[in-house]
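Here is the structure we will look at, set down as structure tokens.
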Amino acid sequence: MNSILRNNKLKFLALMLISLLLILSACTEKSDVTEEKESDAATQKDTATSDEASLVLKNGIVYTMEEDQSTAEAIAVKDGEIMFVGSSSDAEKYVGDKTEVIDLEGKMVSPGFIDGHTHPPGLWTTKLFKVDLSVLKKHEDYVKAVADFRKKNSDAEIITGSGWVNGPYEQSDGTNPGPKKEDLDAVVSDVPVILSSIDGHSVWVNSKALEMANITKDTKAPKGGMIERNSDGSPRGVLREGAVDLLADVQALFNLTEEQYKEAILGFQEEMHSFGMTGIMNMSGSDMSLKVMKELEEEGKLTMRVANAFTFDPGTKPDEGVKKILAAGKKYNSDWISVNTVKLFSDGVTEGKTALFVEPYTKNAGMGDHHHGDANWELDDFNKMVSQLDKEGIQVHIHAIGDGAVKMSLDAFELAKKDNGERDSRHTITHISAIQDSDIPRMADLNVVAALQPFWFYKDQYYELEKAMIGEKRALAMYPTRKMWDEGITIASASDYPPTPDYRPLNAIETGVTRNSPYLEEQDSDMIRNADQALTIEEMLQSYTKNVAYQIFRDDDLGSLKIGKKADMVVLDEDITKVEPKDISETPVAYTIVDGKVVYKGK
């Protein structure tokens with residue numbers, strides 16, 4: 001009996017043990033399933049986080065500048081790059097708890113505007129530290145501004161400024177020698193006064209400046225330069241182009257400090273963002289400008305993409321120039337700053353009688369019957385410089401106003417191609433006020449970029465001077481953009497600020513389309529120039545975005561709105577492709593976005 005009970009007890013204990021093991025096994029299996037589910041949830045959460053955008057723009061009309069998807073409704077951005085372009089409904093999956101969402105409510109989005117030729121900080125140094133003549137129109141007002149500045153700055157060792165125009169100084173015989181030194185002497189005679197013209201190609205000085213620079217009636221102007229003279233040969237008070245260099249030692253009395261330059265750059269940057277601009281081709285590259293911009297980049301304050309060019313003057317040795325550019329590129333190149341361009345001047349400007357034309361100037365130039373203007377360089381030196389830069393992979397950006405200078409530049413590029421072989425050089429000619437028809441296909445075949453200033457395409461402030469210097473027919477025929485575009489030349493729009501005081505891209509786009517003034521008070525007057533050479537709105541948009549990105553070798557990450565590219569954009573209140581062309585310039589900028597961050601918000 002006891003044996004039976006003992007056996008039953010053992011069986012009971014065995015059953016209990018088996019049951020316990022089964023329960024434990026079940027619990028273990030349940031734990032594994034739970035871990036798997038938790039792992040899946042974590043993965044989904046990580047995926048959601050990786051897809052979460054920092055910024056989403058939706059319910060707009062997005063012009064991408066991409067052929068395979070030319071328009072869209074929405075864009076999503078993360079880490080400064082575009083992660084999605086498509087419909088507003090599809091954009092919702094990129095919206096997370098931390099996403100900034102902007103409902104565009106039908107507004108237009110475009111790649112940010114890039115200026116293909118400008119001189120920062122432009123007028124900001126003058127506005128802050130010099131005599132600003134850019135807002136004035138009359139000779140008397142210029143003189144008064146200098147007098148007022150002297151009263152407020154009685155301890156100044158030199159007075160500098162800029163902004164005067166040649167227009168008021170046209171003589172009864174049609175010539176234009178510019179203003180006189182005596183008018184400045186009347187208000188400031190004890191310290192030098194040096195005032196640059198708005199186009200940057202001439203200076204107006206007082207007698208003290210001429211005395212300190214030892215410029216007399218016996219002083220010869222350097223090649224490509226001009227000293228305006230009185231009938232007795234004495235200096236009148238205006239120096240043009242290369243002759244300005246004669247004042248270098250006097251000009252050195254005024255030098256901006258790095259802090260002043262930084263203040264001016266920040267002022268320029270804030271203003272350009274309000275115009276929808278996100279990048280520039282800086283034609284005023286210098287050791288100080290690069291140093292200051294690098295400091296701003298490191299401080300997180302640089303919010304514009306800046307390609308930079310150094311100017312090489314005649315006499316620069318090619319080998320030394322190449323070393324300078326390559327060293328600067330190695331030191332400064334980044335996502336924000338690049339250096340690999342050299343600017344050369346092949347001629348001057350029409351109003352200064354220094355632009356180089358195939359046909360001669362009119363008698364109004366006051367230079368005789370056979371004056372064609374002058375090349376700034378000796379031809380052999382110019383060709384050698386272009387070829388050496390090309391050989392080293394450095395982009396060349398040539399100032400050429402007259403058709404003679406354009407021809408000279410194209411000849412140099414052809415020789416460089418012959419010497420070095422063909423490569424993706426993207427050499428550029430800027431301004432191109434005049435070009436012979438035969439040179440248009442040649443320019444296209446050489447793949448030379450045209451950095452043009454649409455602000456000049458109508459009868460602007462320079463037109464009357466151009467008409468006086470080269471005749472009405474030639475002046476009206478300037479800037480044949482339709483011919484150039486149709487032939488296949490890449491036109492990259494630019495301002496040349498501050499010679500062009502107003503550098504708002506929307507004004508330029510309107511002028512490129514209408515060939516008329518963008519200013520309401522002028523639009524009903526006779527200011528249209530060469531209307532059959534107008535471009536379309538879409539072409540002008542491309543010229544200010546995709547084409548400039550190509551010009552500055554940033555087309556892989558700038559200039560269009562595509563997944564993987566930088567999130568540099570402008571938002572406009574209206575779709576400018578749908579408004580009346582004459583209203584384009586009145587369109588407000590709603591947002592400017594750089595690297596995925598809003599840097600300007602309109603009112």
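We label chains A, B, ... in the order they appear in the structure tokens, count residues from 1 in each chain, and number ligands from 1 in the order shown.
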
**Q.** Neighbour list for A:Thr175 as a PyMOL selection string, cut-off 10 Å, only C-alpha atoms, skip fewer than 6 positions in-chain
**A.** chain A and resi 169+362-367+465+468-469

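If you count only C-alpha atoms and ignore residues fewer than 2 places along the chain from stretch 213-220 of chain A, what sits within 9 Å of it is Lys208, Ala209, Leu210, Glu211, Pro222, Met226, Ile227, Arg229, Asp232, Gly233, Ser234, Pro235, Ala243, Leu246, Leu247, Ala248, Asp249 and Val250 of chain A.
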
Could you write out the selected residues, including N, CA and C atoms, as a CSV table (one decimal), in the first residue's frame?
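Written out: again.csv:
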chain,number,residue,atom,x,y,z
A,208,LYS,N,44.4,118.0,-55.5
A,208,LYS,CA,45.3,117.4,-54.5
A,208,LYS,C,45.7,116.0,-54.8
A,209,ALA,N,44.7,115.2,-55.3
A,209,ALA,CA,45.0,113.8,-55.7
A,209,ALA,C,46.0,113.8,-56.9
A,210,LEU,N,45.8,114.6,-57.9
A,210,LEU,CA,46.7,114.6,-59.0
A,210,LEU,C,48.1,115.0,-58.6
A,211,GLU,N,48.2,116.0,-57.7
A,211,GLU,CA,49.5,116.5,-57.2
A,211,GLU,C,50.2,115.4,-56.5
A,222,PRO,N,49.0,104.9,-69.4
A,222,PRO,CA,49.4,103.5,-69.7
A,222,PRO,C,48.5,102.9,-70.8
A,226,MET,N,43.3,106.2,-70.1
A,226,MET,CA,43.1,107.5,-70.7
A,226,MET,C,43.1,108.5,-69.6
A,227,ILE,N,43.8,109.6,-69.8
A,227,ILE,CA,43.7,110.8,-69.0
A,227,ILE,C,43.0,111.9,-69.7
A,229,ARG,N,41.9,115.4,-70.8
A,229,ARG,CA,42.8,116.6,-70.7
A,229,ARG,C,42.0,117.9,-71.1
A,232,ASP,N,44.9,122.7,-73.1
A,232,ASP,CA,46.4,123.0,-72.9
A,232,ASP,C,47.1,121.7,-72.6
A,233,GLY,N,46.4,120.6,-72.5
A,233,GLY,CA,47.1,119.3,-72.2
A,233,GLY,C,47.1,119.0,-70.7
A,234,SER,N,46.7,119.9,-69.8
A,234,SER,CA,46.7,119.6,-68.4
A,234,SER,C,45.6,118.6,-68.1
A,235,PRO,N,45.7,117.8,-67.0
A,235,PRO,CA,44.7,116.9,-66.6
A,235,PRO,C,43.4,117.6,-66.2
A,243,ALA,N,44.6,104.0,-66.5
A,243,ALA,CA,45.2,105.3,-66.0
A,243,ALA,C,44.8,105.4,-64.5
A,246,LEU,N,47.5,104.9,-61.8
A,246,LEU,CA,48.4,106.0,-61.4
A,246,LEU,C,48.1,106.5,-60.1
A,247,LEU,N,46.9,106.3,-59.6
A,247,LEU,CA,46.5,106.8,-58.3
A,247,LEU,C,46.7,105.8,-57.1
A,248,ALA,N,47.3,104.7,-57.4
A,248,ALA,CA,47.3,103.6,-56.5
A,248,ALA,C,47.9,104.0,-55.1
A,249,ASP,N,49.0,104.7,-55.1
A,249,ASP,CA,49.6,105.1,-53.8
A,249,ASP,C,48.8,106.0,-53.0
A,250,VAL,N,48.0,106.9,-53.7
A,250,VAL,CA,47.1,107.9,-53.1
A,250,VAL,C,45.9,107.1,-52.5

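When only C-alpha atoms are used to compute distances to A:Phe254, the closest of the residues A:Thr160, A:Asn340, A:Thr545, A:Thr316 turns out to be A:Thr160.
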
Q) Which residues come within 12 Å of A:Glu522, counting only C-alpha atoms, excluding same-chain residues fewer than 4 positions away, as JSON, numbers by chain? A) {"A": [458, 459, 460, 461, 516, 517, 518, 526, 527, 528, 582]}

What's around A:Tyr361 at 8 Å? Count only C-alpha atoms, leave out sequence neighbours fewer than 3 positions away in its own chain, and write the answer as a compact mmCIF listing (two decimals) with all heavy atoms, in the first residue's frame.
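What landed in selection_16.txt:
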# COMPACT_ATOMS: atom_id res chain seq x y z
N LYS A 353 35.07 105.56 -74.10
CA LYS A 353 35.80 105.53 -75.38
C LYS A 353 36.94 104.53 -75.37
O LYS A 353 37.90 104.63 -76.13
CB LYS A 353 36.33 106.94 -75.73
CG LYS A 353 35.25 107.99 -75.88
CD LYS A 353 35.76 109.40 -75.72
CE LYS A 353 35.98 109.73 -74.27
NZ LYS A 353 36.21 111.16 -74.00
N PHE A 357 36.18 98.18 -80.67
CA PHE A 357 35.21 97.86 -81.72
C PHE A 357 35.89 97.60 -83.05
O PHE A 357 36.97 98.14 -83.33
CB PHE A 357 34.21 99.01 -81.90
CG PHE A 357 33.21 99.14 -80.76
CD1 PHE A 357 33.42 100.05 -79.74
CD2 PHE A 357 32.07 98.35 -80.73
CE1 PHE A 357 32.52 100.18 -78.70
CE2 PHE A 357 31.15 98.46 -79.68
CZ PHE A 357 31.39 99.39 -78.67
N ASN A 364 31.91 112.06 -82.15
CA ASN A 364 31.56 112.52 -80.80
C ASN A 364 32.51 112.01 -79.73
O ASN A 364 32.55 112.55 -78.63
CB ASN A 364 30.13 112.07 -80.45
CG ASN A 364 29.09 112.76 -81.31
OD1 ASN A 364 29.30 113.88 -81.76
ND2 ASN A 364 27.97 112.09 -81.54
N ALA A 365 33.25 110.97 -80.06
CA ALA A 365 34.22 110.46 -79.09
C ALA A 365 35.37 111.45 -78.91
O ALA A 365 36.10 111.39 -77.91
CB ALA A 365 34.74 109.10 -79.54
N ASP A 369 38.94 110.31 -86.54
CA ASP A 369 38.07 109.51 -87.41
C ASP A 369 38.38 108.02 -87.39
O ASP A 369 37.62 107.22 -87.95
CB ASP A 369 38.19 110.01 -88.86
CG ASP A 369 37.66 111.42 -89.03
OD1 ASP A 369 36.75 111.80 -88.24
OD2 ASP A 369 38.14 112.14 -89.93
N HIS A 370 39.45 107.61 -86.76
CA HIS A 370 39.86 106.20 -86.85
C HIS A 370 40.11 105.59 -85.48
O HIS A 370 40.94 104.70 -85.34
CB HIS A 370 41.13 106.08 -87.71
CG HIS A 370 40.98 106.66 -89.08
ND1 HIS A 370 40.20 106.08 -90.06
CD2 HIS A 370 41.49 107.81 -89.62
CE1 HIS A 370 40.25 106.82 -91.15
NE2 HIS A 370 41.01 107.87 -90.92
N HIS A 371 39.35 106.07 -84.51
CA HIS A 371 39.51 105.52 -83.15
C HIS A 371 38.61 104.29 -82.97
O HIS A 371 37.39 104.37 -83.10
CB HIS A 371 39.16 106.58 -82.10
CG HIS A 371 39.26 106.08 -80.69
ND1 HIS A 371 40.45 105.70 -80.12
CD2 HIS A 371 38.30 105.89 -79.73
CE1 HIS A 371 40.24 105.31 -78.87
NE2 HIS A 371 38.94 105.41 -78.62
N HIS A 372 39.21 103.16 -82.68
CA HIS A 372 38.46 101.91 -82.49
C HIS A 372 38.43 101.48 -81.02
O HIS A 372 37.82 100.47 -80.69
CB HIS A 372 39.11 100.77 -83.30
CG HIS A 372 39.01 100.95 -84.77
ND1 HIS A 372 38.09 100.28 -85.55
CD2 HIS A 372 39.69 101.75 -85.63
CE1 HIS A 372 38.23 100.62 -86.82
NE2 HIS A 372 39.20 101.53 -86.89
N GLY A 373 39.08 102.24 -80.15
CA GLY A 373 39.28 101.79 -78.77
C GLY A 373 40.59 101.03 -78.69
O GLY A 373 41.28 100.81 -79.69
N MET A 469 28.57 107.68 -78.92
CA MET A 469 29.92 107.19 -79.21
C MET A 469 30.02 106.35 -80.47
O MET A 469 31.01 106.42 -81.20
CB MET A 469 30.44 106.37 -78.02
CG MET A 469 30.65 107.17 -76.75
SD MET A 469 31.94 108.43 -76.93
CE MET A 469 31.16 109.81 -76.13
N ILE A 470 28.99 105.52 -80.76
CA ILE A 470 29.09 104.61 -81.90
C ILE A 470 27.94 104.73 -82.89
O ILE A 470 27.92 104.02 -83.90
CB ILE A 470 29.20 103.13 -81.42
CG1 ILE A 470 27.95 102.72 -80.65
CG2 ILE A 470 30.46 102.94 -80.59
CD1 ILE A 470 27.92 101.24 -80.29
N GLY A 471 26.99 105.61 -82.62
CA GLY A 471 25.88 105.81 -83.54
C GLY A 471 24.65 105.01 -83.14
O GLY A 471 24.74 103.95 -82.50

Q: Would you mind listing what lies within 12 Å of A:Leu410 as a ChimeraX atom specification, with only C-alpha atoms counted and same-chain residues fewer than 5 positions away left out?
A: /A:346,382-383,386-387,396-400,403-405,415-417,427-429,432,435-436,438-450

Q) In Å, with one decimal, what is the gap from atom CA of A:Gly596 to atom CA of A:Leu55? A) 6.9 Å

Find the residues of stretch 238-293 of chain A that sit at most 7 Å from stretch 113-116 of chain A; for each, write down the nearest two atoms and how far apart they are in Å, to one decimal. Count only C-alpha atoms. Sort by chain, then by number going up, and give it as a tab-separated table.
residue	atom	partner	partner_atom	distance
A:Gly276	CA	A:Phe113	CA	6.0
A:Met277	CA	A:Phe113	CA	4.5
A:Thr278	CA	A:Phe113	CA	5.8
A:Gly279	CA	A:Ile114	CA	4.6
A:Ile280	CA	A:Asp115	CA	4.6
A:Met281	CA	A:Gly116	CA	4.9

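Residues lying within 9 Å of A:Phe129, counting only C-alpha atoms and ignoring same-chain neighbours fewer than 4 positions away, are Trp124, Thr125, Thr160, Gly161, Leu256 and Gln260 of chain A.
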
Resulting file, chosen residues, C-alpha atoms, as a compact mmCIF listing (two decimals), in the first residue's frame:
# COMPACT_ATOMS: atom_id res chain seq x y z
CA TRP A 124 27.68 98.60 -49.18
CA THR A 125 31.21 99.86 -48.48
CA THR A 160 36.63 108.36 -51.47
CA GLY A 161 33.28 107.46 -52.94
CA LEU A 256 38.94 99.07 -45.41
CA GLN A 260 34.51 97.00 -42.01

Q: Write out as an MDAnalysis selection string each polymer residue whose atoms come within 9 Å of stretch 184-199 of chain A, counting only C-alpha atoms; drop sequence neighbours fewer than 4 positions from it.
A: chainID A and resid 131 133:134 143:144 146:147 150 156:166 180 203:212 247 250:251 349 496:501

Only C-alpha atoms, please: the residues just picked out, written as a compact mmCIF listing (two decimals), in the first residue's frame.
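again-v5.txt was written with the following content:
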# COMPACT_ATOMS: atom_id res chain seq x y z
CA VAL A 131 30.55 109.23 -50.22
CA LEU A 133 26.67 109.30 -55.17
CA SER A 134 24.70 106.38 -56.62
CA VAL A 143 29.59 118.26 -55.27
CA LYS A 144 27.27 118.96 -52.32
CA VAL A 146 31.32 115.62 -51.08
CA ALA A 147 31.11 118.90 -49.14
CA ARG A 150 33.88 116.56 -45.47
CA ALA A 156 39.75 112.30 -42.92
CA GLU A 157 43.11 112.02 -44.71
CA ILE A 158 41.37 111.11 -47.96
CA ILE A 159 37.79 111.19 -49.25
CA THR A 160 36.63 108.36 -51.47
CA GLY A 161 33.28 107.46 -52.94
CA SER A 162 31.48 106.21 -56.00
CA GLY A 163 28.35 106.42 -58.08
CA TRP A 164 28.66 109.37 -60.48
CA VAL A 165 27.60 108.90 -64.10
CA ASN A 166 29.06 110.35 -67.28
CA LYS A 180 36.37 118.80 -63.76
CA VAL A 203 37.59 108.17 -61.46
CA TRP A 204 37.02 111.86 -60.79
CA VAL A 205 39.69 113.50 -58.65
CA ASN A 206 40.60 116.88 -57.23
CA SER A 207 43.88 118.72 -57.77
CA LYS A 208 45.34 117.43 -54.51
CA ALA A 209 44.99 113.83 -55.68
CA LEU A 210 46.66 114.64 -59.01
CA GLU A 211 49.46 116.49 -57.19
CA MET A 212 50.12 113.62 -54.79
CA LEU A 247 46.51 106.82 -58.27
CA VAL A 250 47.14 107.85 -53.05
CA GLN A 251 44.22 105.44 -52.94
CA VAL A 349 33.71 100.63 -71.81
CA ASP A 496 27.69 93.50 -62.70
CA TYR A 497 26.69 95.22 -59.47
CA PRO A 498 27.55 97.97 -58.53
CA PRO A 499 28.17 99.33 -62.06
CA THR A 500 24.54 98.22 -62.31
CA PRO A 501 23.17 99.80 -59.11

Q. Taking the backbone alone, and naming residues the way the document does, which bits of stretch 386-470 of chain A are alpha helix (DSSP H) by DSSP, as an NGL selection string?
A. :A and (386-391 or 403-420 or 439-445 or 463-470)

Q: Once DSSP has gone over the backbone, tell me which residues of stretch 431-548 of chain A are in strand (DSSP E or B), as a PyMOL selection string.
A: chain A and resi 431+449-452+491-493

Could those selected residues go to a file with N, CA and C atoms, as a PDB file, in the first residue's frame?
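The resulting file, again.pdb, is reproduced below:
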ATOM      1  N   HIS A 431      29.633  90.601 -70.520  1.00  0.00           N
ATOM      2  CA  HIS A 431      29.123  91.861 -71.084  1.00  0.00           C
ATOM      3  C   HIS A 431      28.695  91.696 -72.552  1.00  0.00           C
ATOM      4  N   VAL A 449      30.828  80.394 -72.398  1.00  0.00           N
ATOM      5  CA  VAL A 449      29.641  80.901 -71.717  1.00  0.00           C
ATOM      6  C   VAL A 449      29.561  82.419 -71.882  1.00  0.00           C
ATOM      7  N   ALA A 450      28.341  82.937 -72.047  1.00  0.00           N
ATOM      8  CA  ALA A 450      28.115  84.382 -72.121  1.00  0.00           C
ATOM      9  C   ALA A 450      27.474  84.844 -70.816  1.00  0.00           C
ATOM     10  N   ALA A 451      28.234  85.556 -69.986  1.00  0.00           N
ATOM     11  CA  ALA A 451      27.702  86.112 -68.735  1.00  0.00           C
ATOM     12  C   ALA A 451      27.204  87.524 -69.041  1.00  0.00           C
ATOM     13  N   LEU A 452      25.903  87.632 -69.298  1.00  0.00           N
ATOM     14  CA  LEU A 452      25.323  88.897 -69.770  1.00  0.00           C
ATOM     15  C   LEU A 452      24.543  89.608 -68.671  1.00  0.00           C
ATOM     16  N   ILE A 491      23.778  81.207 -72.020  1.00  0.00           N
ATOM     17  CA  ILE A 491      23.694  82.557 -71.474  1.00  0.00           C
ATOM     18  C   ILE A 491      23.450  82.456 -69.976  1.00  0.00           C
ATOM     19  N   ALA A 492      24.385  82.977 -69.205  1.00  0.00           N
ATOM     20  CA  ALA A 492      24.275  83.009 -67.750  1.00  0.00           C
ATOM     21  C   ALA A 492      24.050  84.454 -67.324  1.00  0.00           C
ATOM     22  N   SER A 493      22.915  84.727 -66.723  1.00  0.00           N
ATOM     23  CA  SER A 493      22.583  86.108 -66.393  1.00  0.00           C
ATOM     24  C   SER A 493      23.361  86.603 -65.176  1.00  0.00           C
TER      25      SER A 493
END

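Minimum atom-to-atom distances from A:Asp347, A:Glu299, A:Glu422, A:Asp79 to A:His201 were compared using only C-alpha atoms, and the lowest value belongs to A:Asp347.
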
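Taking only C-alpha atoms into account, A:Ile552 lies nearest to A:Thr341 out of the set A:Thr341, A:Thr536, A:Asn376, A:Ser525.
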
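Distances to A:Ala309 were evaluated for A:His117, A:Lys107, A:Lys331, A:Lys151 using only C-alpha atoms, and the minimum falls at A:His117.
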
Q | Counting only C-alpha atoms, the residue of A:Glu81, A:Glu52, A:Glu92, A:Glu586 that sits nearest A:Lys562 | A | A:Glu81

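You will find atom CA of A:Asp524 at 19.4 Å from atom CA of A:Thr587.
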